[in-house]
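For reference, my_file.pdb is printed below; it contains PDB, C-alpha atoms, pLDDT in the B column.
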MODEL        1
ATOM      1  CA  MET A   7      67.102 -24.349  69.432  1.00 28.00           C
ATOM      2  CA  ILE A   8      63.587 -25.519  68.532  1.00 31.00           C
ATOM      3  CA  ALA A   9      62.208 -23.668  65.523  1.00 36.00           C
ATOM      4  CA  ASP A  10      58.757 -22.144  65.701  1.00 39.00           C
ATOM      5  CA  ALA A  11      56.348 -24.603  64.020  1.00 41.00           C
ATOM      6  CA  GLN A  12      54.921 -21.895  61.771  1.00 55.00           C
ATOM      7  CA  GLU A  13      58.434 -20.816  60.725  1.00 63.00           C
ATOM      8  CA  ASP A  14      59.032 -24.194  59.046  1.00 76.00           C
ATOM      9  CA  GLU A  15      55.450 -24.783  57.946  1.00 88.00           C
ATOM     10  CA  ARG A  16      54.896 -25.691  54.318  1.00 92.00           C
ATOM     11  CA  LEU A  17      51.651 -26.606  52.600  1.00 97.00           C
ATOM     12  CA  THR A  18      51.457 -29.669  50.389  1.00 97.00           C
ATOM     13  CA  PHE A  19      48.629 -30.450  47.969  1.00 98.00           C
ATOM     14  CA  ALA A  20      47.973 -33.580  45.893  1.00 98.00           C
ATOM     15  CA  ARG A  21      47.814 -32.898  42.163  1.00 97.00           C
ATOM     16  CA  PRO A  22      44.918 -34.563  40.289  1.00 93.00           C
ATOM     17  CA  GLY A  23      47.229 -36.314  37.793  1.00 90.00           C
ATOM     18  CA  GLY A  24      49.757 -37.389  40.420  1.00 95.00           C
ATOM     19  CA  GLY A  25      52.572 -35.614  42.173  1.00 96.00           C
ATOM     20  CA  ARG A  26      52.484 -32.856  44.739  1.00 98.00           C
ATOM     21  CA  PHE A  27      52.349 -29.070  44.761  1.00 98.00           C
ATOM     22  CA  GLN A  28      54.173 -27.584  47.717  1.00 98.00           C
ATOM     23  CA  ILE A  29      54.377 -24.019  49.001  1.00 98.00           C
ATOM     24  CA  GLY A  30      57.639 -23.536  50.900  1.00 96.00           C
ATOM     25  CA  PRO A  31      57.810 -21.886  54.339  1.00 96.00           C
ATOM     26  CA  ALA A  32      59.278 -18.552  53.206  1.00 96.00           C
ATOM     27  CA  SER A  33      56.668 -18.103  50.462  1.00 97.00           C
ATOM     28  CA  LEU A  34      53.840 -19.117  52.770  1.00 97.00           C
ATOM     29  CA  ARG A  35      55.007 -16.632  55.408  1.00 96.00           C
ATOM     30  CA  VAL A  36      55.162 -13.795  52.860  1.00 97.00           C
ATOM     31  CA  MET A  37      51.682 -14.513  51.452  1.00 98.00           C
ATOM     32  CA  ARG A  38      50.144 -14.849  54.923  1.00 97.00           C
ATOM     33  CA  GLY A  39      51.446 -11.370  55.701  1.00 97.00           C
ATOM     34  CA  TYR A  40      48.768 -10.079  53.314  1.00 98.00           C
ATOM     35  CA  LEU A  41      45.752 -11.972  54.734  1.00 97.00           C
ATOM     36  CA  GLN A  42      42.573  -9.924  54.644  1.00 97.00           C
ATOM     37  CA  ASN A  43      41.753 -10.503  58.302  1.00 95.00           C
ATOM     38  CA  LEU A  44      40.580  -6.919  58.962  1.00 96.00           C
ATOM     39  CA  PRO A  45      37.836  -4.975  57.127  1.00 94.00           C
ATOM     40  CA  ARG A  46      40.261  -2.274  55.915  1.00 95.00           C
ATOM     41  CA  LYS A  47      42.672  -4.731  54.242  1.00 97.00           C
ATOM     42  CA  THR A  48      42.574  -4.939  50.455  1.00 97.00           C
ATOM     43  CA  GLU A  49      43.295  -7.909  48.208  1.00 97.00           C
ATOM     44  CA  ALA A  50      46.939  -8.594  47.490  1.00 98.00           C
ATOM     45  CA  GLY A  51      48.694 -10.923  45.124  1.00 98.00           C
ATOM     46  CA  GLY A  52      51.627 -11.726  42.929  1.00 98.00           C
ATOM     47  CA  VAL A  53      53.285 -14.538  41.034  1.00 97.00           C
ATOM     48  CA  LEU A  54      54.609 -17.909  42.180  1.00 98.00           C
ATOM     49  CA  LEU A  55      58.223 -18.805  41.389  1.00 97.00           C
ATOM     50  CA  GLY A  56      59.833 -22.171  41.911  1.00 96.00           C
ATOM     51  CA  ARG A  57      60.808 -25.482  40.381  1.00 95.00           C
ATOM     52  CA  HIS A  58      59.528 -28.620  38.743  1.00 94.00           C
ATOM     53  CA  ILE A  59      61.273 -31.508  40.510  1.00 94.00           C
ATOM     54  CA  ALA A  60      63.202 -33.720  38.081  1.00 93.00           C
ATOM     55  CA  ASP A  61      61.884 -37.245  37.454  1.00 95.00           C
ATOM     56  CA  SER A  62      58.611 -36.535  39.272  1.00 95.00           C
ATOM     57  CA  LEU A  63      55.366 -34.604  38.944  1.00 95.00           C
ATOM     58  CA  ASP A  64      56.205 -32.547  42.050  1.00 97.00           C
ATOM     59  CA  VAL A  65      56.321 -28.750  41.959  1.00 97.00           C
ATOM     60  CA  VAL A  66      57.721 -26.489  44.713  1.00 97.00           C
ATOM     61  CA  VAL A  67      57.051 -22.781  45.233  1.00 98.00           C
ATOM     62  CA  ASP A  68      60.243 -21.194  46.566  1.00 96.00           C
ATOM     63  CA  GLU A  69      59.472 -17.494  46.098  1.00 97.00           C
ATOM     64  CA  VAL A  70      56.548 -15.170  45.481  1.00 98.00           C
ATOM     65  CA  THR A  71      56.252 -11.595  44.340  1.00 97.00           C
ATOM     66  CA  VAL A  72      54.226  -9.176  46.439  1.00 97.00           C
ATOM     67  CA  PRO A  73      52.146  -6.135  45.482  1.00 97.00           C
ATOM     68  CA  MET A  74      54.290  -3.686  43.505  1.00 96.00           C
ATOM     69  CA  ARG A  75      54.062  -0.207  42.057  1.00 95.00           C
ATOM     70  CA  GLY A  76      51.412  -0.229  39.350  1.00 96.00           C
ATOM     71  CA  ASP A  77      49.278  -2.964  40.958  1.00 95.00           C
ATOM     72  CA  ARG A  78      45.745  -1.922  41.922  1.00 96.00           C
ATOM     73  CA  ARG A  79      44.250  -3.175  45.173  1.00 96.00           C
ATOM     74  CA  GLU A  80      40.641  -2.982  46.375  1.00 95.00           C
ATOM     75  CA  ARG A  81      38.729  -4.900  49.023  1.00 95.00           C
ATOM     76  CA  TYR A  82      37.415  -7.424  46.477  1.00 93.00           C
ATOM     77  CA  ARG A  83      39.780  -7.033  43.499  1.00 94.00           C
ATOM     78  CA  PHE A  84      43.483  -7.173  42.707  1.00 94.00           C
ATOM     79  CA  TRP A  85      45.022  -6.214  39.364  1.00 93.00           C
ATOM     80  CA  ARG A  86      48.642  -7.185  38.860  1.00 93.00           C
ATOM     81  CA  ALA A  87      50.775  -4.860  36.755  1.00 93.00           C
ATOM     82  CA  HIS A  88      52.626  -6.971  34.208  1.00 91.00           C
ATOM     83  CA  GLU A  89      55.989  -5.207  33.885  1.00 94.00           C
ATOM     84  CA  PRO A  90      57.347  -5.159  37.471  1.00 96.00           C
ATOM     85  CA  HIS A  91      56.405  -8.784  38.190  1.00 96.00           C
ATOM     86  CA  GLN A  92      57.742  -9.947  34.806  1.00 94.00           C
ATOM     87  CA  GLY A  93      61.052  -8.299  35.653  1.00 95.00           C
ATOM     88  CA  VAL A  94      61.292 -10.427  38.819  1.00 96.00           C
ATOM     89  CA  ILE A  95      60.377 -13.576  36.840  1.00 94.00           C
ATOM     90  CA  ASP A  96      63.055 -12.858  34.215  1.00 95.00           C
ATOM     91  CA  ARG A  97      65.728 -12.108  36.843  1.00 96.00           C
ATOM     92  CA  ALA A  98      64.919 -15.281  38.831  1.00 96.00           C
ATOM     93  CA  TRP A  99      65.211 -17.366  35.649  1.00 95.00           C
ATOM     94  CA  ARG A 100      68.545 -15.811  34.676  1.00 96.00           C
ATOM     95  CA  GLU A 101      70.108 -15.928  38.144  1.00 96.00           C
ATOM     96  CA  SER A 102      69.067 -19.565  38.704  1.00 95.00           C
ATOM     97  CA  GLY A 103      70.428 -20.766  35.387  1.00 94.00           C
ATOM     98  CA  GLY A 104      66.921 -21.660  34.248  1.00 91.00           C
ATOM     99  CA  THR A 105      65.821 -23.665  37.288  1.00 93.00           C
ATOM    100  CA  CYS A 106      63.556 -21.063  38.944  1.00 94.00           C
ATOM    101  CA  THR A 107      60.518 -20.472  36.769  1.00 94.00           C
ATOM    102  CA  TYR A 108      57.047 -18.935  36.723  1.00 95.00           C
ATOM    103  CA  LEU A 109      54.541 -21.364  38.297  1.00 96.00           C
ATOM    104  CA  GLY A 110      51.393 -19.274  38.519  1.00 96.00           C
ATOM    105  CA  GLU A 111      49.565 -16.616  40.485  1.00 96.00           C
ATOM    106  CA  TRP A 112      48.381 -16.009  44.042  1.00 98.00           C
ATOM    107  CA  HIS A 113      45.985 -13.581  45.679  1.00 98.00           C
ATOM    108  CA  THR A 114      43.951 -13.149  48.851  1.00 98.00           C
ATOM    109  CA  HIS A 115      40.235 -13.212  49.597  1.00 98.00           C
ATOM    110  CA  PRO A 116      38.468 -11.803  52.673  1.00 97.00           C
ATOM    111  CA  GLU A 117      36.684 -15.093  53.449  1.00 96.00           C
ATOM    112  CA  PRO A 118      37.662 -18.081  55.623  1.00 97.00           C
ATOM    113  CA  VAL A 119      37.520 -20.698  52.856  1.00 97.00           C
ATOM    114  CA  PRO A 120      38.318 -19.017  49.542  1.00 97.00           C
ATOM    115  CA  THR A 121      36.266 -19.679  46.447  1.00 97.00           C
ATOM    116  CA  PRO A 122      37.280 -18.244  43.084  1.00 97.00           C
ATOM    117  CA  SER A 123      34.924 -15.563  41.823  1.00 96.00           C
ATOM    118  CA  LYS A 124      33.558 -15.527  38.290  1.00 95.00           C
ATOM    119  CA  VAL A 125      36.156 -12.830  37.545  1.00 95.00           C
ATOM    120  CA  ASP A 126      38.930 -15.118  38.898  1.00 96.00           C
ATOM    121  CA  ARG A 127      37.803 -18.080  36.798  1.00 96.00           C
ATOM    122  CA  ASN A 128      37.469 -15.987  33.633  1.00 95.00           C
ATOM    123  CA  ASP A 129      40.907 -14.434  34.184  1.00 94.00           C
ATOM    124  CA  TRP A 130      42.490 -17.837  34.833  1.00 95.00           C
ATOM    125  CA  ARG A 131      40.947 -19.317  31.674  1.00 94.00           C
ATOM    126  CA  ARG A 132      42.169 -16.327  29.656  1.00 93.00           C
ATOM    127  CA  LYS A 133      45.697 -16.931  31.027  1.00 92.00           C
ATOM    128  CA  LEU A 134      45.478 -20.604  30.028  1.00 93.00           C
ATOM    129  CA  ARG A 135      44.519 -19.610  26.471  1.00 91.00           C
ATOM    130  CA  GLU A 136      46.801 -16.603  25.932  1.00 89.00           C
ATOM    131  CA  ASP A 137      49.835 -16.650  28.244  1.00 85.00           C
ATOM    132  CA  ARG A 138      53.106 -18.491  27.592  1.00 80.00           C
ATOM    133  CA  PHE A 139      54.317 -20.824  30.351  1.00 78.00           C
ATOM    134  CA  SER A 140      55.713 -24.329  30.809  1.00 74.00           C
ATOM    135  CA  GLY A 141      52.528 -26.362  30.284  1.00 85.00           C
ATOM    136  CA  ILE A 142      50.951 -26.260  33.773  1.00 93.00           C
ATOM    137  CA  VAL A 143      50.087 -23.210  35.862  1.00 96.00           C
ATOM    138  CA  PHE A 144      48.775 -22.949  39.438  1.00 97.00           C
ATOM    139  CA  PHE A 145      46.347 -20.502  41.002  1.00 98.00           C
ATOM    140  CA  VAL A 146      46.481 -20.009  44.775  1.00 98.00           C
ATOM    141  CA  ILE A 147      43.910 -18.145  46.862  1.00 98.00           C
ATOM    142  CA  LEU A 148      44.567 -17.454  50.544  1.00 98.00           C
ATOM    143  CA  GLY A 149      41.466 -17.090  52.662  1.00 97.00           C
ATOM    144  CA  THR A 150      41.554 -16.007  56.286  1.00 97.00           C
ATOM    145  CA  ARG A 151      41.541 -19.658  57.440  1.00 96.00           C
ATOM    146  CA  GLU A 152      42.424 -21.880  54.470  1.00 97.00           C
ATOM    147  CA  VAL A 153      44.579 -21.865  51.358  1.00 97.00           C
ATOM    148  CA  ARG A 154      43.195 -23.421  48.187  1.00 98.00           C
ATOM    149  CA  VAL A 155      44.916 -24.240  44.902  1.00 98.00           C
ATOM    150  CA  TRP A 156      43.797 -24.973  41.320  1.00 98.00           C
ATOM    151  CA  GLU A 157      45.829 -26.000  38.299  1.00 97.00           C
ATOM    152  CA  GLY A 158      45.287 -25.644  34.596  1.00 95.00           C
ATOM    153  CA  SER A 159      47.059 -26.628  31.389  1.00 92.00           C
ATOM    154  CA  GLN A 160      48.237 -24.297  28.663  1.00 89.00           C
ATOM    155  CA  GLY A 161      45.614 -24.003  25.959  1.00 87.00           C
ATOM    156  CA  GLY A 162      42.949 -25.673  28.130  1.00 88.00           C
ATOM    157  CA  THR A 163      39.892 -24.341  29.937  1.00 87.00           C
ATOM    158  CA  THR A 164      39.595 -26.823  32.794  1.00 93.00           C
ATOM    159  CA  LEU A 165      40.625 -25.728  36.290  1.00 95.00           C
ATOM    160  CA  LEU A 166      41.312 -28.664  38.596  1.00 96.00           C
ATOM    161  CA  PRO A 167      41.199 -28.186  42.376  1.00 97.00           C
ATOM    162  CA  LEU A 168      44.074 -29.661  44.369  1.00 98.00           C
ATOM    163  CA  SER A 169      43.406 -31.436  47.660  1.00 95.00           C
ATOM    164  CA  ASN A 170      45.415 -31.190  50.866  1.00 91.00           C
ATOM    165  CA  ALA A 171      48.015 -33.961  50.990  1.00 79.00           C
TER     166      ALA A 171
ENDMDL
END
Serialized structure, C-alpha cells:
Amino acid sequence: MIADAQEDERLTFARPGGGRFQIGPASLRVMRGYLQNLPRKTEAGGVLLGRHIADSLDVVVDEVTVPMRGDRRERYRFWRAHEPHQGVIDRAWRESGGTCTYLGEWHTHPEPVPTPSKVDRNDWRRKLREDRFSGIVFFVILGTREVRVWEGSQGGTTLLPLSNA
C-alpha cells in the first residue's frame, strides 16, 4: 500500500550553528489540525517534545501538546497554562527514561507566512532568560501556508531563524 504523501511528511530545517531541526509526521499532522485557515479560528499552541540526536547537532520533534484546559485562545493571542502542559512534559521524560524532553513551543498565526509579533519576541526572550531547559529551545509558528522556526540559547536574547533544509 502506498502511504499518503502528507501522512509521512516531515519538515526539516537547517540550524544556524550546524545540524538539523526536524518536525516528525505525527507532530506536524497534529499542529496542522489547528491552522487558522478560517476567520472564526483562534490561535492554538503547545509545547514541543522530542530528542537531541546523540553525536550530532540534530533535534527531532516527536510529540506536541495541544490546547488544554486553562489555556486562553483568541484570534491573535494564545496563552498556555503552565500546569497541564508541564504534567505532559514530566510524564514524557519519566516514561522515556530521560530521552524525550522539552524542546520548545509552537503556536499558530492567521497569516500565510508567519512572522513573530512583538509580544511573541518579548515572550520568547523572557523564556530564554527565566525558564530552565537543556541549553537550546525552539519556537515554531504555523502560518496558513508556511511553517517557520527560530532557536534561542538559555540566558541569551538572540533569536536565530532556521532555514528550510
* Compare A:Thr163, A:Ser123, A:Thr48, A:Ser62 by their minimum atom-to-atom distance to Phe27 (chain A), counting only C-alpha atoms, and give me the closest one. =>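 Once distances to Phe27 (chain A) are computed over only C-alpha atoms, the minimum belongs to A:Ser62.
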* Tell me which of A:Arg79, A:Arg127, A:His58, A:His113 sits closest to Arg154 (chain A), counting only C-alpha atoms. => A:His113
* To do: Go through A:Arg100, A:Arg35, A:His88, A:Arg21 and flag the residue nearest Gly76 (chain A), using all atoms listed in the file for the distances.
  =>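 Result for the nearest residue to Gly76 (chain A): A:His88.
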* To do: Determine, counting all atoms listed in the file, which protein, DNA and RNA residues have an atom within 12 Å of an atom of Ala60 (chain A); residues of the same chain fewer than 6 positions away are not included. Present the result as number ranges by chain.
  => A: 25, 66, 105
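CA of Val125 (chain A) lies 20.3 Å from CA of Leu109 (chain A).
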* Given the PyMOL selection byres ((chain A and resi 151) around 10), the residues it picks as a ChimeraX atom specification -> /A:41,43,116-120,148-150,152-153
Please rebuild region 156-167 of chain A with all heavy atoms and return the result as an mmCIF file, in the coordinates of the input.
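Written file, result33.cif:
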data_model
loop_
_atom_site.group_PDB
_atom_site.id
_atom_site.type_symbol
_atom_site.label_atom_id
_atom_site.label_comp_id
_atom_site.auth_asym_id
_atom_site.auth_seq_id
_atom_site.Cartn_x
_atom_site.Cartn_y
_atom_site.Cartn_z
ATOM 1 N N TRP A 156 44.326 -24.376 42.549
ATOM 2 C CA TRP A 156 43.797 -24.973 41.320
ATOM 3 C C TRP A 156 44.933 -25.028 40.309
ATOM 4 O O TRP A 156 45.862 -24.231 40.366
ATOM 5 C CB TRP A 156 42.664 -24.110 40.754
ATOM 6 C CG TRP A 156 41.445 -24.098 41.613
ATOM 7 C CD1 TRP A 156 40.315 -24.847 41.452
ATOM 8 C CD2 TRP A 156 41.223 -23.305 42.783
ATOM 9 N NE1 TRP A 156 39.412 -24.563 42.454
ATOM 10 C CE2 TRP A 156 39.951 -23.627 43.286
ATOM 11 C CE3 TRP A 156 41.978 -22.360 43.479
ATOM 12 C CZ2 TRP A 156 39.421 -23.034 44.427
ATOM 13 C CZ3 TRP A 156 41.455 -21.770 44.621
ATOM 14 C CH2 TRP A 156 40.191 -22.107 45.082
ATOM 15 N N GLU A 157 44.837 -25.953 39.378
ATOM 16 C CA GLU A 157 45.829 -26.000 38.299
ATOM 17 C C GLU A 157 45.122 -26.082 36.965
ATOM 18 O O GLU A 157 43.994 -26.573 36.856
ATOM 19 C CB GLU A 157 46.822 -27.148 38.467
ATOM 20 C CG GLU A 157 46.326 -28.513 38.083
ATOM 21 C CD GLU A 157 47.439 -29.561 38.111
ATOM 22 O OE1 GLU A 157 48.121 -29.714 39.133
ATOM 23 O OE2 GLU A 157 47.589 -30.246 37.074
ATOM 24 N N GLY A 158 45.807 -25.590 35.950
ATOM 25 C CA GLY A 158 45.287 -25.644 34.596
ATOM 26 C C GLY A 158 46.418 -25.887 33.623
ATOM 27 O O GLY A 158 47.596 -25.669 33.945
ATOM 28 N N SER A 159 46.070 -26.333 32.430
ATOM 29 C CA SER A 159 47.059 -26.628 31.389
ATOM 30 C C SER A 159 46.997 -25.582 30.298
ATOM 31 O O SER A 159 45.913 -25.108 29.932
ATOM 32 C CB SER A 159 46.779 -27.994 30.764
ATOM 33 O OG SER A 159 46.886 -28.995 31.730
ATOM 34 N N GLN A 160 48.159 -25.273 29.739
ATOM 35 C CA GLN A 160 48.237 -24.297 28.663
ATOM 36 C C GLN A 160 47.312 -24.708 27.520
ATOM 37 O O GLN A 160 47.314 -25.857 27.103
ATOM 38 C CB GLN A 160 49.672 -24.184 28.172
ATOM 39 C CG GLN A 160 49.880 -23.041 27.219
ATOM 40 C CD GLN A 160 51.352 -22.819 26.943
ATOM 41 O OE1 GLN A 160 52.160 -23.740 27.025
ATOM 42 N NE2 GLN A 160 51.703 -21.600 26.605
ATOM 43 N N GLY A 161 46.526 -23.742 27.062
ATOM 44 C CA GLY A 161 45.614 -24.003 25.959
ATOM 45 C C GLY A 161 44.295 -24.612 26.392
ATOM 46 O O GLY A 161 43.368 -24.699 25.594
ATOM 47 N N GLY A 162 44.171 -25.044 27.645
ATOM 48 C CA GLY A 162 42.949 -25.673 28.130
ATOM 49 C C GLY A 162 41.991 -24.662 28.747
ATOM 50 O O GLY A 162 42.255 -23.477 28.800
ATOM 51 N N THR A 163 40.862 -25.177 29.232
ATOM 52 C CA THR A 163 39.892 -24.341 29.937
ATOM 53 C C THR A 163 39.501 -24.929 31.278
ATOM 54 O O THR A 163 38.799 -24.304 32.042
ATOM 55 C CB THR A 163 38.608 -24.164 29.081
ATOM 56 O OG1 THR A 163 38.059 -25.459 28.796
ATOM 57 C CG2 THR A 163 38.884 -23.422 27.785
ATOM 58 N N THR A 164 39.967 -26.135 31.559
ATOM 59 C CA THR A 164 39.595 -26.823 32.794
ATOM 60 C C THR A 164 40.510 -26.399 33.945
ATOM 61 O O THR A 164 41.728 -26.375 33.802
ATOM 62 C CB THR A 164 39.686 -28.342 32.612
ATOM 63 O OG1 THR A 164 38.854 -28.711 31.511
ATOM 64 C CG2 THR A 164 39.238 -29.082 33.861
ATOM 65 N N LEU A 165 39.895 -26.071 35.064
ATOM 66 C CA LEU A 165 40.625 -25.728 36.290
ATOM 67 C C LEU A 165 40.374 -26.828 37.301
ATOM 68 O O LEU A 165 39.242 -27.082 37.692
ATOM 69 C CB LEU A 165 40.116 -24.372 36.822
ATOM 70 C CG LEU A 165 40.367 -23.203 35.879
ATOM 71 C CD1 LEU A 165 39.515 -22.017 36.256
ATOM 72 C CD2 LEU A 165 41.843 -22.843 35.903
ATOM 73 N N LEU A 166 41.428 -27.513 37.682
ATOM 74 C CA LEU A 166 41.312 -28.664 38.596
ATOM 75 C C LEU A 166 41.718 -28.264 40.013
ATOM 76 O O LEU A 166 42.823 -27.744 40.221
ATOM 77 C CB LEU A 166 42.189 -29.802 38.113
ATOM 78 C CG LEU A 166 41.895 -30.309 36.697
ATOM 79 C CD1 LEU A 166 42.959 -31.304 36.259
ATOM 80 C CD2 LEU A 166 40.514 -30.933 36.644
ATOM 81 N N PRO A 167 40.828 -28.496 41.000
ATOM 82 C CA PRO A 167 41.199 -28.186 42.376
ATOM 83 C C PRO A 167 42.178 -29.216 42.917
ATOM 84 O O PRO A 167 42.090 -30.406 42.601
ATOM 85 C CB PRO A 167 39.860 -28.257 43.127
ATOM 86 C CG PRO A 167 39.011 -29.173 42.312
ATOM 87 C CD PRO A 167 39.464 -29.024 40.890
#
